[in-house]
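Worksheet: one structure, shown below.
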Amino acid sequence: MGKRVIIYRRISTNENNQRHSLGHQKDVLEQFCKLNGYEIVLDVFEEHSAKTFERPKWQNTMEFLRKNRGLVDAILVLRWDRFARNVEFALTEIRKLSKLGVEILTVEQQLDLNNPDSKILLALYLSVGEVENDKNTIRTTEASRKARLKGYWTGTAPFGYKNHRNALDQSTLIPGENAGLVREVFEEMSRGIYQADSLRKKYLSLGHKLPCKQGFLDMLRNVAYIGKVAVQKYKDQPYEEAEGLHDAIVDESTFYKVQNILKKGKRKATAFQQEQDNYSLKGSLVCPEYNHHMVAYKTTKPNGKEYSYYECQKCKIRHSVDKLHTEFVKYLSGLRINKEVLNLYLEMVKEELDKQDSDRMLNIRKLKEKISDLDKLLENMKYKLATNEVTSQVYGEVKATIERDRLNALLQKEDIENQKPLFKHYLEYAIKLLPQMANFFNNTNGEVRKLMVSSIFPEKIVFENNTYRTANPNSLLSLLSLNINDLRGAKSKKVGNKSDQSTLAPPPRLERGTP
């Protein structure tokens, strides 16, 4: 009795101009089965690369073999490159088939895989296809890189653009229907109010379609939106950003503000860290008897309910987390801030910030001059390239260095420009927050709560006799609790050396937390 076989035919997705190959493979395979008395159980054909076995039709075939063990004896292909173009993946797949009782047969390049020596020829046949694939990859990569250096766009259009060929048949981009949405997202992100994923969720809730979480981050970093084409580093050739043939959607100033914000972004806390943040007094609370830090832990009672405690591991005194947090809110509610002193303090700090603004403007001016010098240097290098004074390789290396230095200078300038309005904004927010700290503590997250505790109590705190105490209360709160008469004349007092300024600026940790 002849073998029962599945004939497997394949062409790559880039072989669409050779679709007749599928018909040719079928004719040869069927004729081979007829001559050898093989029974064809299935005829499988697909258009997919042979670099891996993540091919839809192949995966379906493997599933069929697993569900119908003993029904098929072999899979028949024309040549080994129709089966695979990767030695490692091919050998792994052959072992899988062997466990299912199925062998691989070829019309051309026939081998007896039961003979160990045949594995040498098998590796050779498979290597030929793999080498050919590698050559194709190199040629494609080099051609794509050359095209991108000229400003062409190769590949799928980014979100907000559409692929397009201009009048000269050059591959480029044009703004799509979502271009306005992309511009709005960048402008909103540049304000520094939202984290990237929070902003994405906001627009999704409004009914907009946006890329996935990682895709959204990639979008915010993509220089295509400012009319450039990213040319990735390849071998000894550096990363470059070529001027694209397409129009920008986002202006450079907004784009680089967003890069600065993303650069400073914090990693998302793990689930364990988030749970630990719920213990807002951890690290600050000490035992009143032994002055040891109290640990925080959670326990489950027999009834299945969970309870959290702060406990001294030496004397075993413990307090309910909920109770201590409730008492802390009561403590905050009891703070009495003198509004007149509060306003006077804000006015004095703003006055000092205005005096320091001259240094800020000087730094901005220096950075603008540096950016201008770098632009002139780049123009000079372009001229030298055009007149053959430098090679294209030297030009590329120098250009990459100049653009990196220019980007750093631009980011520094944007950062300094934002310092004054942002600091004043946060300062005013913090000042307004002081009279309503209890409400804010109740409605913010655990991380911000811990910052509030450490700001109000710079040193260790003790909970005893249902109240909180510390050896060194926050100097700012002490100041703002003073009677206005104690500060008469303070506004007219000239600010002296730096040692006089320490009480003017708010503690670095008493500032607005991230929403």
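Going through the structure tokens in order, the chains are called A, B, and so on, while each chain numbers its residues from 1 and the ligands are numbered from 1 in the order shown.
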
_Those of range 2-168 of chain A in DSSP helix (DSSP H, G or I), formatted as a PyMOL selection string_ = chain A and resi 13-18+20-36+56-67+80-83+87-99+118-149

### Task
Please identify all polymer residues within 10 Å of Met62 in chain A, counting only C-alpha atoms, omitting same-chain residues fewer than 4 positions from it, and present them as number ranges by chain.
A: 57-58, 66-68, 93, 96-97, 100

At a cut-off of 10 Å, using only C-alpha atoms, what residues contact range 282-293 of chain A? Leave out same-chain residues fewer than 5 positions from it and give the result as a PDB file with C-alpha atoms, in the first residue's frame.
ATOM      1  CA  GLN A 276       2.817  49.115  49.586  1.00  0.00           C
ATOM      2  CA  ASP A 277       1.862  52.713  48.779  1.00  0.00           C
ATOM      3  CA  TYR A 310       1.150  49.074  61.747  1.00  0.00           C
ATOM      4  CA  GLU A 311       3.097  47.176  64.416  1.00  0.00           C
ATOM      5  CA  CYS A 312       6.309  47.535  66.451  1.00  0.00           C
ATOM      6  CA  GLN A 313       8.120  44.208  66.170  1.00  0.00           C
ATOM      7  CA  LYS A 314       9.823  44.745  69.529  1.00  0.00           C
ATOM      8  CA  CYS A 315       7.007  45.669  71.911  1.00  0.00           C
ATOM      9  CA  LYS A 316       4.227  44.302  69.632  1.00  0.00           C
ATOM     10  CA  ILE A 317       2.072  47.419  69.989  1.00  0.00           C
ATOM     11  CA  ARG A 318      -0.064  47.762  66.885  1.00  0.00           C
ATOM     12  CA  LYS A 450       3.417  59.302  51.492  1.00  0.00           C
ATOM     13  CA  VAL A 453       3.257  62.718  55.316  1.00  0.00           C
ATOM     14  CA  SER A 454       7.010  63.161  54.846  1.00  0.00           C
ATOM     15  CA  PHE A 457       6.652  65.541  59.297  1.00  0.00           C
ATOM     16  CA  PRO A 458      10.253  65.811  58.010  1.00  0.00           C
ATOM     17  CA  GLU A 459      11.414  63.558  60.852  1.00  0.00           C
ATOM     18  CA  LYS A 460       9.941  60.544  62.663  1.00  0.00           C
ATOM     19  CA  ILE A 461       6.360  60.763  63.913  1.00  0.00           C
ATOM     20  CA  VAL A 462       4.697  59.086  66.858  1.00  0.00           C
ATOM     21  CA  PHE A 463       1.039  58.221  67.386  1.00  0.00           C
ATOM     22  CA  GLU A 464       0.241  58.283  71.105  1.00  0.00           C
ATOM     23  CA  TYR A 468       0.371  62.700  66.368  1.00  0.00           C
ATOM     24  CA  ARG A 469       3.544  64.412  67.518  1.00  0.00           C
ATOM     25  CA  THR A 470       7.052  64.996  66.177  1.00  0.00           C
TER      26      THR A 470
END

- Item | Contact residues around Gly244 in chain A with only C-alpha atoms at 6 Å, ignoring same-chain residues under 6 positions, as a list in words |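 The neighbour list is Gly151, Gly227, Lys228 and Val229 of chain A.
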
Excluding Tyr331 in chain A and residues on its chain fewer than 6 positions from it, collect all residues at most 12 Å away from it, counting only C-alpha atoms, and give them as a PDB file with N, CA, C and O atoms, in the first residue's frame.
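The new file out.pdb reads:
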ATOM      1  N   LEU A 324      -5.346  54.842  61.955  1.00  0.00           N
ATOM      2  CA  LEU A 324      -4.291  55.842  61.909  1.00  0.00           C
ATOM      3  C   LEU A 324      -4.464  56.798  60.741  1.00  0.00           C
ATOM      4  O   LEU A 324      -4.176  57.988  60.845  1.00  0.00           O
ATOM      5  N   HIS A 325      -4.959  56.297  59.621  1.00  0.00           N
ATOM      6  CA  HIS A 325      -5.200  57.188  58.476  1.00  0.00           C
ATOM      7  C   HIS A 325      -6.357  58.141  58.785  1.00  0.00           C
ATOM      8  O   HIS A 325      -6.318  59.314  58.414  1.00  0.00           O
ATOM      9  N   GLN A 436      -6.874  72.948  52.424  1.00  0.00           N
ATOM     10  CA  GLN A 436      -7.774  71.810  52.205  1.00  0.00           C
ATOM     11  C   GLN A 436      -6.988  70.500  52.051  1.00  0.00           C
ATOM     12  O   GLN A 436      -7.316  69.630  51.254  1.00  0.00           O
ATOM     13  N   MET A 437      -5.924  70.364  52.846  1.00  0.00           N
ATOM     14  CA  MET A 437      -5.076  69.176  52.748  1.00  0.00           C
ATOM     15  C   MET A 437      -5.813  67.899  53.136  1.00  0.00           C
ATOM     16  O   MET A 437      -5.550  66.836  52.585  1.00  0.00           O
ATOM     17  N   ALA A 438      -6.706  67.976  54.102  1.00  0.00           N
ATOM     18  CA  ALA A 438      -7.423  66.780  54.553  1.00  0.00           C
ATOM     19  C   ALA A 438      -8.234  66.177  53.417  1.00  0.00           C
ATOM     20  O   ALA A 438      -8.213  64.958  53.184  1.00  0.00           O
ATOM     21  N   ASN A 439      -8.926  67.018  52.683  1.00  0.00           N
ATOM     22  CA  ASN A 439      -9.738  66.548  51.564  1.00  0.00           C
ATOM     23  C   ASN A 439      -8.857  65.966  50.460  1.00  0.00           C
ATOM     24  O   ASN A 439      -9.168  64.920  49.873  1.00  0.00           O
ATOM     25  N   PHE A 441      -5.847  64.633  50.826  1.00  0.00           N
ATOM     26  CA  PHE A 441      -5.267  63.386  51.324  1.00  0.00           C
ATOM     27  C   PHE A 441      -6.237  62.226  51.117  1.00  0.00           C
ATOM     28  O   PHE A 441      -5.852  61.122  50.750  1.00  0.00           O
ATOM     29  N   VAL A 453       2.873  63.041  53.945  1.00  0.00           N
ATOM     30  CA  VAL A 453       3.257  62.718  55.316  1.00  0.00           C
ATOM     31  C   VAL A 453       4.696  63.158  55.576  1.00  0.00           C
ATOM     32  O   VAL A 453       5.001  63.797  56.585  1.00  0.00           O
ATOM     33  N   ILE A 456       4.960  67.038  55.793  1.00  0.00           N
ATOM     34  CA  ILE A 456       4.428  67.641  57.018  1.00  0.00           C
ATOM     35  C   ILE A 456       5.290  67.261  58.217  1.00  0.00           C
ATOM     36  O   ILE A 456       5.527  68.065  59.116  1.00  0.00           O
ATOM     37  N   PHE A 463       2.470  58.157  67.089  1.00  0.00           N
ATOM     38  CA  PHE A 463       1.039  58.221  67.386  1.00  0.00           C
ATOM     39  C   PHE A 463       0.850  57.711  68.811  1.00  0.00           C
ATOM     40  O   PHE A 463       1.126  56.551  69.111  1.00  0.00           O
ATOM     41  N   ASN A 466      -3.953  58.927  70.970  1.00  0.00           N
ATOM     42  CA  ASN A 466      -4.851  59.309  69.874  1.00  0.00           C
ATOM     43  C   ASN A 466      -4.466  60.621  69.193  1.00  0.00           C
ATOM     44  O   ASN A 466      -5.328  61.351  68.693  1.00  0.00           O
ATOM     45  N   THR A 467      -3.205  60.939  69.149  1.00  0.00           N
ATOM     46  CA  THR A 467      -2.761  62.140  68.428  1.00  0.00           C
ATOM     47  C   THR A 467      -1.349  61.926  67.905  1.00  0.00           C
ATOM     48  O   THR A 467      -0.635  61.020  68.338  1.00  0.00           O
ATOM     49  N   TYR A 468      -0.955  62.783  66.968  1.00  0.00           N
ATOM     50  CA  TYR A 468       0.371  62.700  66.368  1.00  0.00           C
ATOM     51  C   TYR A 468       1.286  63.769  66.966  1.00  0.00           C
ATOM     52  O   TYR A 468       0.844  64.874  67.286  1.00  0.00           O
ATOM     53  N   ARG A 469       2.556  63.431  67.075  1.00  0.00           N
ATOM     54  CA  ARG A 469       3.544  64.412  67.518  1.00  0.00           C
ATOM     55  C   ARG A 469       4.872  64.115  66.834  1.00  0.00           C
ATOM     56  O   ARG A 469       5.135  63.007  66.389  1.00  0.00           O
TER      57      ARG A 469
END

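Closest to Lys368 in chain A among A:Glu414, A:Asp247, A:Asp236, A:Glu39 is A:Glu414, based on only C-alpha atoms.
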
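Put simply, CA of Gly155 in chain A is 25.0 Å away from CA of Gln393 in chain A.
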
Mind dumping a table of every range 200-259 of chain A residue within 9 Å of range 181-190 of chain A, with the nearest atom pair and its distance in Å to one decimal, using only C-alpha atoms, sorted by chain and rising number, as CSV?
residue,atom,partner,partner_atom,distance
A:Arg200,CA,A:Val185,CA,8.4
A:Tyr203,CA,A:Val185,CA,8.5
A:His208,CA,A:Leu181,CA,8.4
A:Met219,CA,A:Val182,CA,8.8
A:Leu220,CA,A:Phe186,CA,7.2
A:Tyr225,CA,A:Val182,CA,8.7
A:Ile249,CA,A:Arg183,CA,6.2
A:Val250,CA,A:Arg183,CA,5.6
A:Asp251,CA,A:Arg183,CA,8.7
A:Thr254,CA,A:Ser190,CA,6.1
A:Phe255,CA,A:Phe186,CA,6.9
A:Tyr256,CA,A:Ser190,CA,8.5
A:Lys257,CA,A:Ser190,CA,5.4
A:Val258,CA,A:Ser190,CA,4.9
A:Gln259,CA,A:Ser190,CA,8.6

Residue subset to file, keeping C-alpha atoms, as a PDB file, in the first residue's frame:
ATOM      1  CA  ARG A 200      -4.797  58.080  25.374  1.00  0.00           C
ATOM      2  CA  TYR A 203      -9.414  60.422  23.882  1.00  0.00           C
ATOM      3  CA  HIS A 208     -11.637  58.579  19.085  1.00  0.00           C
ATOM      4  CA  MET A 219       3.492  57.782  17.786  1.00  0.00           C
ATOM      5  CA  LEU A 220       4.522  60.478  20.269  1.00  0.00           C
ATOM      6  CA  TYR A 225       5.118  64.144  12.391  1.00  0.00           C
ATOM      7  CA  ILE A 249       1.539  67.667  11.066  1.00  0.00           C
ATOM      8  CA  VAL A 250       3.120  68.912  14.328  1.00  0.00           C
ATOM      9  CA  ASP A 251       5.387  71.937  14.778  1.00  0.00           C
ATOM     10  CA  THR A 254       5.466  71.192  20.394  1.00  0.00           C
ATOM     11  CA  PHE A 255       7.135  67.932  19.345  1.00  0.00           C
ATOM     12  CA  TYR A 256      10.277  68.548  21.405  1.00  0.00           C
ATOM     13  CA  LYS A 257       8.251  69.631  24.432  1.00  0.00           C
ATOM     14  CA  VAL A 258       6.578  66.226  24.271  1.00  0.00           C
ATOM     15  CA  GLN A 259       9.976  64.468  23.985  1.00  0.00           C
TER      16      GLN A 259
END
